[in-house]
>>> print(open('run_3.cif').read())   # mmCIF, C-alpha atoms
data_target
loop_
_atom_site.label_atom_id
_atom_site.label_comp_id
_atom_site.auth_asym_id
_atom_site.auth_seq_id
_atom_site.Cartn_x
_atom_site.Cartn_y
_atom_site.Cartn_z
CA MET A 1 6.56 -22.78 -12.58
CA ARG A 2 3.48 -22.84 -10.34
CA LYS A 3 1.16 -19.88 -10.60
CA CYS A 4 3.22 -18.20 -13.34
CA ILE A 5 1.99 -16.89 -16.65
CA GLY A 6 3.15 -18.88 -19.67
CA LEU A 7 6.32 -17.99 -21.53
CA LEU A 8 4.47 -17.27 -24.75
CA LEU A 9 2.26 -14.69 -23.05
CA LEU A 10 5.27 -13.10 -21.37
CA LEU A 11 7.04 -12.72 -24.70
CA THR A 12 3.89 -11.21 -26.18
CA LEU A 13 3.58 -8.72 -23.32
CA ALA A 14 7.23 -7.70 -23.69
CA GLN A 15 6.73 -7.19 -27.41
CA GLN A 16 3.74 -4.96 -26.64
CA GLY A 17 5.96 -2.56 -24.76
CA PHE A 18 5.50 -3.44 -21.10
CA ALA A 19 9.05 -2.20 -20.45
CA LYS A 20 7.56 1.30 -20.53
CA GLN A 21 4.28 2.80 -19.33
CA TRP A 22 1.39 0.68 -20.51
CA SER A 23 -0.91 2.13 -23.10
CA VAL A 24 -4.43 2.99 -21.97
CA GLU A 25 -5.66 -0.02 -23.94
CA GLN A 26 -3.20 -2.37 -22.24
CA ALA A 27 -4.18 -1.04 -18.82
CA HIS A 28 -7.88 -1.56 -19.44
CA ALA A 29 -7.29 -5.02 -20.89
CA TRP A 30 -5.49 -5.95 -17.67
CA TYR A 31 -8.21 -4.44 -15.48
CA ALA A 32 -10.95 -6.26 -17.37
CA ARG A 33 -9.36 -9.57 -16.37
CA GLN A 34 -9.48 -8.73 -12.64
CA PRO A 35 -12.40 -9.24 -10.29
CA TRP A 36 -13.76 -6.14 -8.59
CA MET A 37 -11.13 -5.69 -5.91
CA ILE A 38 -12.01 -5.23 -2.27
CA GLY A 39 -9.51 -5.65 0.53
CA ALA A 40 -7.34 -3.94 3.11
CA ASN A 41 -3.88 -2.62 3.85
CA TYR A 42 -2.54 -5.60 5.74
CA ILE A 43 -0.05 -5.99 8.54
CA PRO A 44 -0.31 -8.82 11.08
CA SER A 45 -1.79 -7.82 14.40
CA ASP A 46 1.45 -8.75 16.20
CA ALA A 47 3.62 -6.37 14.13
CA ILE A 48 4.02 -2.66 14.82
CA ASN A 49 5.55 -1.94 11.41
CA GLN A 50 6.85 -3.40 8.15
CA ILE A 51 10.19 -4.41 9.67
CA GLU A 52 8.60 -6.41 12.47
CA MET A 53 6.29 -8.07 9.96
CA TRP A 54 9.13 -9.30 7.75
CA GLN A 55 12.21 -9.89 9.95
CA ALA A 56 13.01 -13.57 10.41
CA GLU A 57 12.68 -13.49 14.19
CA SER A 58 9.21 -11.94 14.14
CA PHE A 59 7.71 -13.20 10.86
CA ASN A 60 4.59 -15.14 11.87
CA PRO A 61 3.12 -17.29 9.07
CA ALA A 62 0.65 -19.03 11.39
CA LEU A 63 -0.93 -15.72 12.38
CA ILE A 64 -0.89 -14.47 8.78
CA ASP A 65 -2.70 -17.63 7.71
CA LYS A 66 -5.36 -17.14 10.35
CA GLU A 67 -5.89 -13.44 9.61
CA LEU A 68 -6.00 -13.80 5.83
CA GLY A 69 -8.51 -16.55 6.44
CA TYR A 70 -10.63 -14.02 8.31
CA ALA A 71 -10.33 -11.65 5.33
CA ALA A 72 -11.42 -14.28 2.83
CA ALA A 73 -14.36 -15.27 5.02
CA ILE A 74 -15.79 -11.74 4.90
CA GLY A 75 -15.42 -11.47 1.12
CA MET A 76 -12.08 -9.71 0.65
CA ASN A 77 -9.97 -10.75 -2.32
CA CYS A 78 -6.86 -8.52 -2.19
CA MET A 79 -4.39 -6.93 0.22
CA ARG A 80 -1.90 -4.07 -0.04
CA VAL A 81 1.29 -4.99 1.81
CA PHE A 82 4.35 -2.88 2.61
CA LEU A 83 7.90 -4.16 2.15
CA HIS A 84 11.08 -2.64 3.62
CA ASP A 85 14.53 -2.15 2.14
CA LEU A 86 16.39 -2.71 5.43
CA VAL A 87 15.00 -6.23 5.81
CA PHE A 88 16.27 -7.08 2.34
CA GLN A 89 19.67 -5.54 3.12
CA GLN A 90 19.90 -7.67 6.26
CA ASP A 91 18.95 -10.99 4.66
CA PRO A 92 18.22 -10.93 0.89
CA ALA A 93 17.70 -14.67 0.37
CA GLY A 94 15.70 -15.09 3.57
CA TYR A 95 13.47 -12.13 2.75
CA LEU A 96 12.61 -13.53 -0.68
CA LYS A 97 11.72 -16.85 0.94
CA ARG A 98 9.45 -15.14 3.47
CA ILE A 99 7.70 -13.18 0.71
CA GLU A 100 7.19 -16.46 -1.16
CA GLN A 101 5.75 -18.03 1.98
CA PHE A 102 3.44 -15.06 2.48
CA LEU A 103 2.22 -15.24 -1.12
CA ARG A 104 1.61 -18.98 -0.75
CA ILE A 105 -0.59 -18.31 2.27
CA ALA A 106 -2.45 -15.51 0.50
CA ASP A 107 -3.05 -17.70 -2.54
CA LYS A 108 -4.45 -20.43 -0.30
CA HIS A 109 -7.14 -17.93 0.66
CA HIS A 110 -7.62 -16.68 -2.92
CA ILE A 111 -6.24 -13.26 -2.03
CA LYS A 112 -4.11 -11.28 -4.50
CA ILE A 113 -1.35 -8.99 -3.23
CA MET A 114 -0.21 -5.46 -4.09
CA LEU A 115 3.36 -4.96 -2.86
CA VAL A 116 4.62 -1.50 -1.84
CA PHE A 117 8.37 -0.83 -2.10
CA PHE A 118 8.81 2.56 -0.43
CA ASP A 119 6.90 4.74 2.05
CA SER A 120 7.27 8.40 3.12
CA VAL A 121 4.91 8.22 6.10
CA TRP A 122 5.64 8.36 9.86
CA ASP A 123 9.03 7.73 11.51
CA PRO A 124 11.97 8.67 9.20
CA TYR A 125 14.48 6.70 11.28
CA PRO A 126 13.86 2.97 10.64
CA TYR A 127 16.17 0.44 12.26
CA LEU A 128 16.65 -3.33 12.29
CA GLY A 129 16.26 -5.58 15.31
CA LYS A 130 13.65 -5.50 18.04
CA GLN A 131 11.15 -2.76 17.35
CA ARG A 132 9.74 -0.41 19.99
CA ASP A 133 6.60 -1.24 21.90
CA PRO A 134 3.41 0.62 20.95
CA ARG A 135 2.58 3.83 22.78
CA PRO A 136 -0.78 3.11 24.46
CA GLY A 137 -3.67 4.84 22.73
CA VAL A 138 -1.50 6.38 19.99
CA HIS A 139 -2.14 5.83 16.29
CA ASN A 140 0.68 4.07 14.37
CA SER A 141 3.30 4.98 16.96
CA GLY A 142 5.90 2.61 15.49
CA TRP A 143 5.39 2.73 11.72
CA VAL A 144 8.56 3.62 9.81
CA GLN A 145 9.49 5.16 6.51
CA GLY A 146 11.47 3.27 3.92
CA PRO A 147 13.97 4.29 2.88
CA GLY A 148 14.73 6.33 5.95
CA ILE A 149 16.06 9.85 6.05
CA HIS A 150 19.71 8.76 5.93
CA ALA A 151 19.23 6.87 2.66
CA LEU A 152 17.23 9.73 1.18
CA ARG A 153 20.10 12.12 1.85
CA ASP A 154 22.86 9.73 0.74
CA SER A 155 22.78 9.08 -3.01
CA THR A 156 25.48 6.42 -2.62
CA GLN A 157 22.75 4.20 -1.14
CA ASP A 158 20.75 4.30 -4.37
CA SER A 159 22.62 1.21 -5.60
CA ARG A 160 21.52 -0.68 -2.48
CA LEU A 161 17.91 0.32 -3.11
CA GLU A 162 18.25 -0.70 -6.75
CA LYS A 163 19.35 -4.21 -5.74
CA TYR A 164 16.39 -4.47 -3.37
CA VAL A 165 13.82 -3.49 -6.00
CA LYS A 166 15.28 -5.50 -8.85
CA ALA A 167 15.71 -8.68 -6.80
CA ILE A 168 12.08 -8.70 -5.66
CA VAL A 169 10.66 -7.93 -9.11
CA LYS A 170 12.94 -10.50 -10.72
CA GLU A 171 11.57 -13.08 -8.30
CA PHE A 172 7.88 -12.14 -8.39
CA GLY A 173 7.38 -9.99 -11.50
CA ARG A 174 5.69 -12.84 -13.38
CA ASP A 175 3.79 -14.21 -10.43
CA GLU A 176 0.00 -14.14 -10.67
CA ARG A 177 -0.29 -13.91 -6.89
CA VAL A 178 1.06 -10.34 -7.09
CA PHE A 179 -1.43 -8.16 -8.95
CA CYS A 180 0.31 -4.76 -8.81
CA TRP A 181 3.46 -2.91 -7.72
CA ASP A 182 2.91 0.26 -5.68
CA VAL A 183 6.23 2.01 -6.10
CA TRP A 184 6.01 4.61 -3.32
CA ASN A 185 3.37 5.34 -0.71
CA GLU A 186 2.54 9.07 -0.55
CA PRO A 187 5.98 10.27 -1.76
CA ASP A 188 5.19 13.89 -0.92
CA ASN A 189 3.98 13.29 2.64
CA MET A 190 5.77 15.55 5.16
CA ASN A 191 3.95 14.09 8.20
CA GLY A 192 2.50 17.35 9.50
CA LYS A 193 3.21 18.24 13.12
CA ILE A 194 4.28 14.73 14.08
CA TYR A 195 7.65 14.24 12.41
CA ASN A 196 7.86 17.46 10.44
CA ASP A 197 10.77 18.79 12.53
CA TYR A 198 12.79 15.75 11.46
CA GLU A 199 11.96 15.93 7.76
CA PRO A 200 14.40 17.71 5.41
CA GLU A 201 12.86 20.72 3.70
CA ASN A 202 13.85 19.26 0.34
CA LYS A 203 12.39 15.83 1.12
CA VAL A 204 10.17 15.79 -1.98
CA ALA A 205 13.20 16.52 -4.17
CA LEU A 206 15.14 13.70 -2.51
CA VAL A 207 12.26 11.29 -3.03
CA LEU A 208 11.86 12.47 -6.61
CA ARG A 209 15.49 11.59 -7.30
CA ILE A 210 14.89 7.99 -6.24
CA ILE A 211 11.40 7.49 -7.62
CA LYS A 212 12.63 8.55 -11.06
CA LYS A 213 15.02 5.61 -10.84
CA ALA A 214 12.65 3.18 -9.13
CA PHE A 215 10.14 2.98 -11.98
CA PRO A 216 12.89 2.02 -14.48
CA TRP A 217 14.40 -0.41 -11.95
CA ILE A 218 11.08 -2.25 -11.84
CA ARG A 219 10.47 -2.13 -15.58
CA SER A 220 13.98 -3.45 -16.30
CA GLN A 221 12.81 -6.80 -14.91
CA ASN A 222 9.86 -6.93 -17.37
CA PRO A 223 7.07 -7.49 -14.82
CA VAL A 224 3.65 -8.39 -16.15
CA GLN A 225 1.88 -6.52 -13.33
CA PRO A 226 1.05 -2.80 -13.54
CA LEU A 227 2.87 -0.05 -11.62
CA THR A 228 1.20 2.73 -9.64
CA THR A 229 1.87 5.42 -7.05
CA TYR A 230 -0.36 8.03 -5.42
CA VAL A 231 0.81 11.57 -4.73
CA CYS A 232 -1.18 13.32 -1.99
CA GLY A 233 -0.95 16.66 -3.76
CA THR A 234 -3.03 15.36 -6.66
CA GLY A 235 -6.14 15.17 -4.52
CA TRP A 236 -7.78 15.68 -1.16
CA PRO A 237 -10.51 18.02 -2.45
CA ASP A 238 -11.82 18.35 1.10
CA VAL A 239 -8.46 19.58 2.45
CA GLU A 240 -6.43 22.62 1.48
CA VAL A 241 -3.04 21.37 0.28
CA ALA A 242 -0.25 23.93 0.11
CA PRO A 243 2.01 23.56 -2.95
CA LEU A 244 5.35 21.97 -2.17
CA PRO A 245 8.65 22.47 -3.99
CA TYR A 246 9.08 20.00 -6.86
CA MET A 247 5.43 18.93 -6.51
CA ALA A 248 4.49 19.62 -10.14
CA GLU A 249 7.44 17.58 -11.39
CA LEU A 250 6.63 14.70 -9.04
CA VAL A 251 2.95 14.66 -10.00
CA ASN A 252 3.75 14.78 -13.70
CA PHE A 253 6.28 11.97 -13.39
CA VAL A 254 3.90 9.70 -11.49
CA LEU A 255 0.96 10.33 -13.83
CA THR A 256 3.05 9.71 -16.94
CA ASN A 257 4.68 6.54 -15.59
CA SER A 258 1.90 4.77 -13.65
CA ASP A 259 0.10 2.08 -15.64
CA ILE A 260 -3.00 2.30 -13.47
CA LEU A 261 -3.85 5.22 -11.21
CA SER A 262 -4.45 5.08 -7.47
CA PHE A 263 -5.62 7.50 -4.81
CA HIS A 264 -6.30 7.75 -1.08
CA ASN A 265 -9.30 9.45 0.42
CA TYR A 266 -10.60 9.52 3.98
CA GLY A 267 -13.48 11.92 3.31
CA SER A 268 -17.21 11.83 2.77
CA THR A 269 -19.02 10.21 -0.16
CA GLU A 270 -18.98 13.55 -1.97
CA ALA A 271 -15.25 14.04 -1.40
CA TRP A 272 -14.49 10.46 -2.40
CA GLU A 273 -16.52 10.68 -5.61
CA THR A 274 -14.97 14.05 -6.48
CA ILE A 275 -11.42 12.77 -6.38
CA ALA A 276 -12.44 9.48 -8.03
CA ARG A 277 -13.91 11.34 -11.01
CA ARG A 278 -10.76 13.43 -11.31
CA PHE A 279 -8.69 10.29 -11.66
CA LEU A 280 -11.13 8.51 -13.97
CA LYS A 281 -10.91 11.46 -16.36
CA LYS A 282 -7.26 10.52 -16.95
CA GLY A 283 -8.60 7.52 -18.87
CA ARG A 284 -6.86 4.73 -16.97
CA PRO A 285 -8.17 2.14 -14.50
CA VAL A 286 -8.29 3.51 -10.95
CA LEU A 287 -7.89 1.94 -7.52
CA CYS A 288 -8.50 3.53 -4.11
CA THR A 289 -5.65 2.04 -2.09
CA GLU A 290 -6.55 3.73 1.21
CA PHE A 291 -9.87 4.71 2.81
CA LEU A 292 -11.79 4.30 6.08
CA ALA A 293 -11.63 6.85 8.89
CA ARG A 294 -14.94 6.42 10.65
CA ASN A 295 -15.26 10.03 11.76
CA GLY A 296 -16.15 10.80 8.13
CA CYS A 297 -15.26 7.91 5.82
CA THR A 298 -16.95 4.54 6.26
CA PHE A 299 -17.68 1.39 4.31
CA GLU A 300 -21.25 2.59 3.94
CA SER A 301 -20.15 5.94 2.47
CA THR A 302 -17.54 4.45 0.12
CA LEU A 303 -18.34 0.94 -1.13
CA PRO A 304 -21.53 1.67 -3.12
CA SER A 305 -19.79 4.47 -5.04
CA ALA A 306 -16.68 2.38 -5.61
CA LYS A 307 -18.66 -0.55 -6.99
CA LYS A 308 -20.77 1.73 -9.20
CA MET A 309 -17.65 3.46 -10.60
CA ASN A 310 -15.73 0.16 -10.93
CA ILE A 311 -12.92 1.33 -8.65
CA GLY A 312 -11.29 -1.34 -6.48
CA VAL A 313 -10.82 -0.39 -2.83
CA MET A 314 -8.55 -1.27 0.09
CA CYS A 315 -9.39 0.06 3.55
CA TRP A 316 -6.68 0.87 6.07
CA GLY A 317 -6.25 -2.03 8.42
CA LEU A 318 -7.69 -5.51 8.77
CA VAL A 319 -7.15 -6.84 12.31
CA ALA A 320 -6.68 -4.44 15.22
CA GLY A 321 -3.25 -4.88 16.75
CA LYS A 322 0.09 -3.28 17.59
CA THR A 323 -0.26 -0.49 15.03
CA ASN A 324 -3.04 0.94 17.22
CA THR A 325 -4.86 2.28 14.17
CA ILE A 326 -8.23 1.88 15.86
CA HIS A 327 -7.13 5.18 17.43
CA GLY A 328 -7.39 8.37 15.39
CA TRP A 329 -4.65 10.63 14.04
CA HIS A 330 -5.38 13.13 16.82
CA THR A 331 -3.98 10.69 19.40
CA TRP A 332 -0.42 11.73 18.55
CA GLU A 333 -1.25 14.87 20.55
CA THR A 334 -3.92 13.46 22.89
CA PRO A 335 -3.67 9.68 23.39
CA ASP A 336 -6.87 7.73 23.91
CA LYS A 337 -7.48 6.12 27.27
CA GLY A 338 -8.67 2.66 26.41
CA GLU A 339 -10.52 1.50 23.31
CA PRO A 340 -12.33 4.30 21.49
CA GLU A 341 -16.08 3.96 21.07
CA VAL A 342 -15.69 4.60 17.35
CA TRP A 343 -12.73 2.86 15.74
CA HIS A 344 -10.69 5.00 13.35
CA HIS A 345 -9.36 2.19 11.09
CA ASP A 346 -9.41 -1.64 11.10
CA VAL A 347 -12.23 -4.12 10.66
CA LEU A 348 -11.77 -7.11 12.96
CA ARG A 349 -10.70 -7.92 16.49
CA LYS A 350 -7.85 -10.38 17.05
CA ASP A 351 -10.23 -13.32 17.37
CA GLY A 352 -11.81 -12.49 14.01
CA THR A 353 -15.02 -11.01 15.38
CA PRO A 354 -16.06 -7.80 13.62
CA TYR A 355 -16.00 -4.30 15.03
CA SER A 356 -19.31 -3.89 13.19
CA GLN A 357 -21.42 -6.78 11.88
CA LYS A 358 -23.27 -4.28 9.70
CA GLU A 359 -19.99 -3.47 7.92
CA ILE A 360 -19.24 -7.15 7.37
CA ASP A 361 -22.70 -7.75 5.92
CA LEU A 362 -22.16 -4.86 3.50
CA ILE A 363 -18.72 -6.11 2.45
CA ARG A 364 -20.04 -9.61 1.81
CA SER A 365 -23.06 -8.42 -0.14
CA ILE A 366 -21.18 -5.93 -2.33
CA ALA A 367 -18.22 -8.22 -2.99
CA LYS A 368 -20.41 -10.81 -4.73
#
>>> encode(input="run_3.cif", output="structure tokens")
Amino acid sequence: MRKCIGLLLLLTLAQQGFAKQWSVEQAHAWYARQPWMIGANYIPSDAINQIEMWQAESFNPALIDKELGYAAAIGMNCMRVFLHDLVFQQDPAGYLKRIEQFLRIADKHHIKIMLVFFDSVWDPYPYLGKQRDPRPGVHNSGWVQGPGIHALRDSTQDSRLEKYVKAIVKEFGRDERVFCWDVWNEPDNMNGKIYNDYEPENKVALVLRIIKKAFPWIRSQNPVQPLTTYVCGTGWPDVEVAPLPYMAELVNFVLTNSDILSFHNYGSTEAWETIARRFLKKGRPVLCTEFLARNGCTFESTLPSAKKMNIGVMCWGLVAGKTNTIHGWHTWETPDKGEPEVWHHDVLRKDGTPYSQKEIDLIRSIAK
């Protein structure tokens, strides 16, 4: 099978215990085989959310090919990409084919992919079909959670989610084009003032119920890639984080089940290095799977530290588009009028020209 690891190696990995959390030695052996990772959280510029990216009627391989080509040209070698359970429920076979097509395009550009199964951020009411239009000047006005609030509250849907996870890992769990599985994006995120009124008070407990099953679902398929998840409450040294119910149990579960560790930080160099050191002390390889908010976190403030500490990094956003993430988080309350002078996220315009040539020069020089 093209781009698959040999059967002998797979049997060896299984014998070494990859059906459970990797040992520290196994994790570092894997990390030593990887290049220093630099990339972005990727969604095509014509998609407002994960559903629009992946549904058959809006999946756009030609645009993906062009935009991943832009990424490769500036020195990026990996992307973090969000999946969605509803798209699989709608069309399991078709979804697997579209993921395969996406991975083929990424491989053409020598870009490895981290796939994210679930997400607790933004709109808790995802739906299939035509997605809403962006709200002008508003950050991520159409991004959706997966699973949505109804599935979180309904344990009878766990079997549906299990099929989704297992089918994808069965198909791609031995595929070298996928370098990691991110089980759940920010599982404790309550979305602040934006969607907080819609979030159940026991949301973290509901997520915890599923995430405790999701790790074993993935491992049951014997993937050769590592698993990870970042819990917001384990970090953000520059922000006061109130303790949430079930937080300690969630944090402990994630730290004792992730093969490699990952974190997000949108703060200064000092804040970034502080949280990075906290994770490195756990003894496992570390990735920063989200950064870049130019009011305080930039490529200049992050990349030198990341390279020095051997922590791979993925900024939020590649090409500015329907997600409107060039606009800051504050725009949920006060929308921007027109393009902001300082972009919040994202690196390139739709034609591939950079927001900042200085940033591109830094990325190219440090990625060598």
>>> resolve_selection(input="run_3.cif", expression="the PyMOL selection byres ((chain A and resi 25-39) around 6)", output="list of chain:residue names")
A:Trp22, A:Ser23, A:Val24, A:Ala40, A:Met76, A:Asn77, A:Cys78, A:Met79, A:Gly312, A:Val313, A:Met314
>>> atom_distance(input="run_3.cif", atom1="atom CA of Trp184 of chain A", atom2="atom CA of His84 of chain A")
11.2 Å
>>> resolve_selection(input="run_3.cif", expression="the PyMOL selection byres ((chain A and resi 282-298) around 8)", output="PyMOL selection string")
chain A and resi 24+27-28+31+40-41+80+259-269+276+278-281+299-302+311-316+328+342-345
>>> atom_distance(input="run_3.cif", atom1="atom CA of Val224 of chain A", atom2="atom CA of Lys20 of chain A")
11.3 Å
>>> resolve_selection(input="run_3.cif", expression="the PyMOL selection byres ((chain A and resi 95) around 12)", output="PyMOL selection string")
chain A and resi 51+53-57+59+83-94+96-102+164+167-168+171
>>> atom_distance(input="run_3.cif", atom1="atom CA of Tyr246 of chain A", atom2="atom CA of Glu186 of chain A")
14.2 Å
>>> closest_residue(input="run_3.cif", among="A:Val169, A:Ala106, A:Ala306, A:Ile363", to="Pro223 of chain A", atoms="only C-alpha atoms")
A:Val169
>>> residues_around(input="run_3.cif", residues="Pro216 of chain A", least_positions_apart="2", cutoff="10 Å", atoms="all atoms listed in the file", output="list in words")
Ala19, Lys20, Gln21, Glu162, Lys166, Ile211, Lys212, Lys213, Ala214, Ile218, Arg219, Ser220, Gln221, Asn222 and Asn257 of chain A
>>> residues_around(input="run_3.cif", residues="His330 of chain A", least_positions_apart="4", cutoff="12 Å", atoms="all atoms listed in the file", output="count of residues only")
16
>>> residues_around(input="run_3.cif", residues="Asp119 of chain A", least_positions_apart="2", cutoff="7 Å", atoms="all atoms listed in the file", output="NGL selection string")
:A and (121 or 145-146 or 184-187)
>>> write_last_selection(input="run_3.cif", atoms="C-alpha atoms", output="tab-separated table (two decimals), in the coordinates of the input")
chain	number	residue	atom	x	y	z
A	121	VAL	CA	4.91	8.22	6.10
A	145	GLN	CA	9.49	5.16	6.51
A	146	GLY	CA	11.47	3.27	3.92
A	184	TRP	CA	6.01	4.61	-3.32
A	185	ASN	CA	3.37	5.34	-0.71
A	186	GLU	CA	2.54	9.07	-0.55
A	187	PRO	CA	5.98	10.27	-1.76
>>> closest_residue(input="run_3.cif", among="A:Leu255, A:Ala248, A:Ile111, A:Val347", to="Ala72 of chain A", atoms="all atoms listed in the file")
A:Ile111
>>> decode(input="run_3.cif", residues="segment 198-219 of chain A", atoms="N, CA and C atoms", output="PDB file, in the first residue's frame")
ATOM      1  N   TYR A 198     -25.533  29.197  25.953  1.00  0.00           N
ATOM      2  CA  TYR A 198     -26.035  27.987  25.310  1.00  0.00           C
ATOM      3  C   TYR A 198     -25.333  26.726  25.801  1.00  0.00           C
ATOM      4  N   GLU A 199     -24.245  26.897  26.540  1.00  0.00           N
ATOM      5  CA  GLU A 199     -23.462  25.753  26.980  1.00  0.00           C
ATOM      6  C   GLU A 199     -24.041  25.166  28.267  1.00  0.00           C
ATOM      7  N   PRO A 200     -24.179  23.846  28.365  1.00  0.00           N
ATOM      8  CA  PRO A 200     -24.632  23.242  29.620  1.00  0.00           C
ATOM      9  C   PRO A 200     -23.596  23.452  30.715  1.00  0.00           C
ATOM     10  N   GLU A 201     -24.054  23.669  31.941  1.00  0.00           N
ATOM     11  CA  GLU A 201     -23.125  23.899  33.040  1.00  0.00           C
ATOM     12  C   GLU A 201     -22.201  22.709  33.247  1.00  0.00           C
ATOM     13  N   ASN A 202     -22.679  21.525  32.934  1.00  0.00           N
ATOM     14  CA  ASN A 202     -21.873  20.314  33.110  1.00  0.00           C
ATOM     15  C   ASN A 202     -21.195  19.883  31.811  1.00  0.00           C
ATOM     16  N   LYS A 203     -20.909  20.841  30.932  1.00  0.00           N
ATOM     17  CA  LYS A 203     -20.329  20.514  29.635  1.00  0.00           C
ATOM     18  C   LYS A 203     -19.031  19.719  29.768  1.00  0.00           C
ATOM     19  N   VAL A 204     -18.152  20.132  30.681  1.00  0.00           N
ATOM     20  CA  VAL A 204     -16.872  19.437  30.833  1.00  0.00           C
ATOM     21  C   VAL A 204     -17.094  17.984  31.222  1.00  0.00           C
ATOM     22  N   ALA A 205     -18.076  17.732  32.081  1.00  0.00           N
ATOM     23  CA  ALA A 205     -18.382  16.353  32.467  1.00  0.00           C
ATOM     24  C   ALA A 205     -18.903  15.556  31.278  1.00  0.00           C
ATOM     25  N   LEU A 206     -19.713  16.182  30.426  1.00  0.00           N
ATOM     26  CA  LEU A 206     -20.245  15.501  29.253  1.00  0.00           C
ATOM     27  C   LEU A 206     -19.125  15.178  28.263  1.00  0.00           C
ATOM     28  N   VAL A 207     -18.220  16.128  28.075  1.00  0.00           N
ATOM     29  CA  VAL A 207     -17.068  15.892  27.208  1.00  0.00           C
ATOM     30  C   VAL A 207     -16.187  14.794  27.789  1.00  0.00           C
ATOM     31  N   LEU A 208     -15.977  14.851  29.093  1.00  0.00           N
ATOM     32  CA  LEU A 208     -15.125  13.861  29.752  1.00  0.00           C
ATOM     33  C   LEU A 208     -15.653  12.444  29.524  1.00  0.00           C
ATOM     34  N   ARG A 209     -16.981  12.300  29.554  1.00  0.00           N
ATOM     35  CA  ARG A 209     -17.576  10.980  29.314  1.00  0.00           C
ATOM     36  C   ARG A 209     -17.164  10.432  27.952  1.00  0.00           C
ATOM     37  N   ILE A 210     -17.171  11.311  26.938  1.00  0.00           N
ATOM     38  CA  ILE A 210     -16.855  10.851  25.585  1.00  0.00           C
ATOM     39  C   ILE A 210     -15.354  10.720  25.370  1.00  0.00           C
ATOM     40  N   ILE A 211     -14.582  11.654  25.890  1.00  0.00           N
ATOM     41  CA  ILE A 211     -13.141  11.618  25.629  1.00  0.00           C
ATOM     42  C   ILE A 211     -12.505  10.403  26.289  1.00  0.00           C
ATOM     43  N   LYS A 212     -13.087   9.944  27.404  1.00  0.00           N
ATOM     44  CA  LYS A 212     -12.595   8.720  28.040  1.00  0.00           C
ATOM     45  C   LYS A 212     -12.806   7.505  27.139  1.00  0.00           C
ATOM     46  N   LYS A 213     -13.795   7.582  26.274  1.00  0.00           N
ATOM     47  CA  LYS A 213     -14.047   6.503  25.324  1.00  0.00           C
ATOM     48  C   LYS A 213     -13.263   6.704  24.026  1.00  0.00           C
ATOM     49  N   ALA A 214     -13.055   7.970  23.652  1.00  0.00           N
ATOM     50  CA  ALA A 214     -12.453   8.268  22.350  1.00  0.00           C
ATOM     51  C   ALA A 214     -11.008   7.779  22.259  1.00  0.00           C
ATOM     52  N   PHE A 215     -10.233   7.972  23.323  1.00  0.00           N
ATOM     53  CA  PHE A 215      -8.853   7.478  23.290  1.00  0.00           C
ATOM     54  C   PHE A 215      -8.822   5.967  23.051  1.00  0.00           C
ATOM     55  N   PRO A 216      -9.582   5.160  23.800  1.00  0.00           N
ATOM     56  CA  PRO A 216      -9.611   3.721  23.509  1.00  0.00           C
ATOM     57  C   PRO A 216     -10.166   3.382  22.128  1.00  0.00           C
ATOM     58  N   TRP A 217     -11.141   4.147  21.634  1.00  0.00           N
ATOM     59  CA  TRP A 217     -11.643   3.906  20.281  1.00  0.00           C
ATOM     60  C   TRP A 217     -10.499   3.991  19.280  1.00  0.00           C
ATOM     61  N   ILE A 218      -9.692   5.026  19.416  1.00  0.00           N
ATOM     62  CA  ILE A 218      -8.571   5.217  18.488  1.00  0.00           C
ATOM     63  C   ILE A 218      -7.554   4.096  18.655  1.00  0.00           C
ATOM     64  N   ARG A 219      -7.181   3.815  19.884  1.00  0.00           N
ATOM     65  CA  ARG A 219      -6.141   2.811  20.125  1.00  0.00           C
ATOM     66  C   ARG A 219      -6.582   1.411  19.693  1.00  0.00           C
TER      67      ARG A 219
END
